[in-house]
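S.K.: This is the structure I have questions about; it appears just below.
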Amino acid sequence: MIICLVKGGENMKRMSSLKYHFGIKLRFYPSDKQKKMIKQNYDAQRFVYNQYVGAGRLIYHVKNASKVAQINSTLPFIMRSMTKYEIDRAQTMLEAQELMAKHRNIRDKYEFLCAKEIDSLAIANAIQNYKKAWRNYHQFGYGIPTFHKKRNDWSYQTNCTYHGTEEAYLDNGSVRFIDTKHVKLPKLGNVKVSGLRSVIKARLLNHVSTRIGTVSIKKTADDQFYLSLQLGSDVAFTKKYAKTQSQIGIDLNLDNFLTESSGAMVANPRFYRKSQRRLARAQRILSCRQRRAKKEGRFLRKAKNYQKQRLVVAKLHDKIRRQRQDFLHVLSTTLIKNHDLVVAEELRSKNLLKNHALSQSISDAGWRTFLTMLEYKADLYDKEFITIDPKFTTQRCHHCGTIMGQNGYKKLTLKDREWTCPVCHKEHIRDWNAAINILEKGQGIWSNHTRMKKAA
């Protein structure tokens, strides 16, 4: 959620009106004092969000109970007298409604939210995120807002504001780059960053108009700190890739990560599988230390040996995640760079994960993340990426158009990795044939064109 707060600079464009948007993620290294402030802002944002969730639930239950009681009364069309308990509940509901009426009301009620270390925009973002969650529920059917629990990873959002300027740059907002190695953040002050991309360095050094929007500050479970910034500009962040006049279809599978319509295959790296034994051993040690701490009556947050081992497990998980993400980024960029059109089958990961025999392998592959990368990179570099309905892509012979499982032909099973078409006697490698069918379906030439040519 973007909160556009601008003081002065009436001609400054809003983030939503800028033509290009770009996100960057940087690792930063806070001091011990700054770490405490990050934790304080995370706790404040979580507290505010949970207060809104609690108030919203209270209002719903009181209103619902009042309706039910009125319907069940002997005089449903006449307001009955309220009991003392109902009066108290109604008063509590009014207080909850008053709390949610204006953003500043919650800070007036809880004085600790006014501490100088707490960013007011972090609280505003918590309220906006609560309202956004309800909008998503009403519009798209996502789950209703729930209480946020304490976690080992912290995160909160703030925003960059601009004062008295008509043009936004990377070095003149409340969140700004001091140089290519340091960023100034609200309340936290200057922090050292690493991993700044060359395209952003060039914009900073050449003073290209770029606005910073939402800023997310996060600590991961393995105690690494990251800074995510949303950027907007009317000047493109990247150059468009040259057209190659090449089109390709890809079939995602588990034997190989993907098979291209050209016949090339990309091996499945199976990062989680390769680290599974080491991870299982680390988790067994963690479980033993957890049982020992509980047996001795010690809180896990204060059990030093448990916390040391928790970091070991968290770092192993993060290593697997980074390996997978790097592999997917390199592969998706290569496909988009070398082809004008990339066609893939639309996969619904939630449905696939219901297969308990394959769910771990599917999660390890990261198909959904890969398709998302292809989608936004195609838009970023002026290429085309589309997904198609996978129906019959595996069962169809791309040479003559015969569909197995129809007209008395036996349907192919998962064991049939190679097969011969009973009509044209063309030999097929299952995944390669599927990739060709996917490309043809994406091109809109899904038909029995070969059979028709032979008939002609």
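As shown in the structure tokens, the chain order sets the letters A, B, ...; within each chain, residues go from 1, and ligands are also counted from 1 in the order they appear.
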Near range 416-429 of chain A, within 7 Å and counting only C-alpha atoms, which residues show up once chain neighbours fewer than 4 positions away are dropped, as an NGL selection string?
M.R.: :A and (397 or 400 or 412 or 433)
S.K.: Set the distance at 8 Å and use only C-alpha atoms: which residues neighbour range 31-46 of chain A once local chain neighbours fewer than 5 positions away are removed? I'd like the list as a list in words.
M.R.: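 In the requested format, the answer is Leu113, Glu117, Ile118, Asp119, Ala122, Ile123, Asn125, Ala126, His148, Trp154, Ser155, Tyr156, Leu188 and Ile217 of chain A.
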S.K.: Can you tell me which residues surround Thr146 in chain A at a distance of at most 9 Å, considering only C-alpha atoms, apart from same-chain residues fewer than 6 positions away, and format the answer as a PyMOL selection string?
M.R.: chain A and resi 50+53-54
S.K.: Take the residues that were just selected and, keeping C-alpha atoms, output them as a PDB file, in the first residue's frame.
M.R.:
ATOM      1  CA  ASN A  50      -3.926  -6.504  15.928  1.00  0.00           C
ATOM      2  CA  VAL A  53      -8.401  -6.824  13.933  1.00  0.00           C
ATOM      3  CA  GLY A  54      -9.693  -7.179  17.500  1.00  0.00           C
TER       4      GLY A  54
END
S.K.: If you count only C-alpha atoms, which residues fall within 9 Å of range 377-380 of chain A, apart from same-chain ones fewer than 4 positions away, as a list of chain:residue names?
M.R.: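 Surrounding residues, per the criterion: A:Phe237, A:Thr238, A:Lys239, A:Lys240, A:Ser332, A:Thr333, A:Ile336, A:Lys337, A:Asp340, A:Leu341, A:Val342, A:Thr372, A:Met373, A:Glu384, A:Phe385.
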S.K.: Compile the contact shell of range 259-276 of chain A as a ChimeraX atom specification: residues with an atom at most 8 Å away, counting only C-alpha atoms, same-chain residues fewer than 3 positions apart removed.
M.R.: /A:248-256,279-280,320,323-324,361,364-365,431-436,439
S.K.: Can you pull out every residue within 7 Å of range 92-94 of chain A, counting only C-alpha atoms, but drop anything in the same chain fewer than 4 positions away, and send it as a list in words?
M.R.: Leu58, Ile59, Asp88 and Glu98 of chain A
S.K.: Quick one: residues within 10 Å of Ala242 in chain A, only C-alpha atoms counted, chain neighbours fewer than 4 positions away excluded, as a PyMOL selection string?
M.R.: chain A and resi 337-340+381-383
S.K.: Which residue, A:Leu331, A:Ala293, A:Glu345, A:Ile24, has the smallest gap to Ser198 in chain A when you use only C-alpha atoms?
M.R.: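 Comparing A:Leu331, A:Ala293, A:Glu345, A:Ile24 against Ser198 in chain A, the winner is A:Ile24.
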S.K.: DSSP on the backbone, then: every residue of range 286-412 of chain A marked strand (DSSP E or B), written as JSON, numbers by chain.
M.R.: {"A": [341, 342, 343, 344, 345, 384, 385, 386, 387, 388, 396, 403]}
S.K.: Go ahead and dump the residues you just picked, C-alpha atoms, as an mmCIF file, in the first residue's frame.
M.R.:
data_model
loop_
_atom_site.group_PDB
_atom_site.id
_atom_site.type_symbol
_atom_site.label_atom_id
_atom_site.label_comp_id
_atom_site.auth_asym_id
_atom_site.auth_seq_id
_atom_site.Cartn_x
_atom_site.Cartn_y
_atom_site.Cartn_z
ATOM 1 C CA LEU A 341 7.482 -14.928 -27.301
ATOM 2 C CA VAL A 342 7.585 -17.418 -24.424
ATOM 3 C CA VAL A 343 4.570 -19.689 -23.927
ATOM 4 C CA ALA A 344 4.022 -21.834 -20.823
ATOM 5 C CA GLU A 345 1.157 -23.829 -19.396
ATOM 6 C CA GLU A 384 5.705 -11.281 -24.671
ATOM 7 C CA PHE A 385 4.894 -14.048 -22.213
ATOM 8 C CA ILE A 386 1.574 -15.892 -22.178
ATOM 9 C CA THR A 387 0.173 -18.946 -20.421
ATOM 10 C CA ILE A 388 -2.287 -21.391 -21.946
ATOM 11 C CA ARG A 396 -1.795 -34.629 -28.516
ATOM 12 C CA ILE A 403 -5.345 -36.824 -29.257
#
S.K.: Check range 225-325 of chain A with DSSP on the backbone and list each residue it calls alpha helix (DSSP H), as number ranges by chain.
M.R.: A: 271-295, 304-325
S.K.: Kindly export the residues of the current selection with C-alpha atoms, as a CSV table (one decimal), in the first residue's frame.
M.R.:
chain,number,residue,atom,x,y,z
A,271,PHE,CA,18.3,-27.7,-4.1
A,272,TYR,CA,16.1,-28.9,-1.2
A,273,ARG,CA,16.6,-32.6,-1.9
A,274,LYS,CA,20.4,-32.1,-2.0
A,275,SER,CA,20.4,-30.3,1.4
A,276,GLN,CA,17.7,-32.5,3.0
A,277,ARG,CA,20.0,-34.8,5.0
A,278,ARG,CA,22.0,-32.0,6.4
A,279,LEU,CA,18.8,-30.0,7.2
A,280,ALA,CA,17.2,-33.0,8.9
A,281,ARG,CA,20.2,-33.5,11.2
A,282,ALA,CA,20.2,-29.8,12.2
A,283,GLN,CA,16.4,-29.9,12.9
A,284,ARG,CA,16.8,-33.0,15.1
A,285,ILE,CA,19.4,-31.2,17.2
A,286,LEU,CA,17.0,-28.2,17.4
A,287,SER,CA,14.2,-30.4,18.5
A,288,CYS,CA,16.3,-32.0,21.3
A,289,ARG,CA,17.4,-28.6,22.6
A,290,GLN,CA,13.7,-27.4,22.5
A,291,ARG,CA,12.6,-30.4,24.6
A,292,ARG,CA,15.5,-29.9,27.1
A,293,ALA,CA,14.7,-26.2,27.5
A,294,LYS,CA,11.0,-27.0,28.2
A,295,LYS,CA,11.9,-29.7,30.6
A,304,LYS,CA,21.0,-19.7,24.3
A,305,ASN,CA,21.8,-23.1,22.8
A,306,TYR,CA,18.3,-23.4,21.3
A,307,GLN,CA,18.7,-19.9,19.7
A,308,LYS,CA,22.1,-20.8,18.3
A,309,GLN,CA,20.7,-24.0,16.7
A,310,ARG,CA,17.7,-22.1,15.4
A,311,LEU,CA,20.0,-19.8,13.5
A,312,VAL,CA,21.8,-22.8,12.0
A,313,VAL,CA,18.5,-24.2,10.7
A,314,ALA,CA,17.3,-20.7,9.5
A,315,LYS,CA,20.6,-20.2,7.6
A,316,LEU,CA,20.3,-23.6,5.9
A,317,HIS,CA,16.7,-22.7,4.8
A,318,ASP,CA,17.8,-19.3,3.5
A,319,LYS,CA,20.7,-20.8,1.6
A,320,ILE,CA,18.3,-23.2,-0.2
A,321,ARG,CA,16.0,-20.2,-1.0
A,322,ARG,CA,18.8,-18.1,-2.4
A,323,GLN,CA,20.1,-20.9,-4.5
A,324,ARG,CA,16.7,-21.6,-6.0
A,325,GLN,CA,16.0,-17.9,-6.5
S.K.: Which distance in Å separates CA of Ser363 in chain A and CA of Ser216 in chain A, to one decimal?
M.R.: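 Interatomic distance here is 26.1 Å.
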S.K.: Calculate how many Å separate CA of Ala124 in chain A from CA of Tyr29 in chain A, rounding to one decimal.
M.R.: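 Separating CA of Ala124 in chain A from CA of Tyr29 in chain A is a distance of 25.5 Å.
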S.K.: Under the rule that only C-alpha atoms are counted, which of A:Pro145, A:Thr394, A:Ala101, A:Asp153 is the nearest residue to Ala133 in chain A?
M.R.: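 Looking at the shortest contact to Ala133 in chain A, the residue is A:Pro145.
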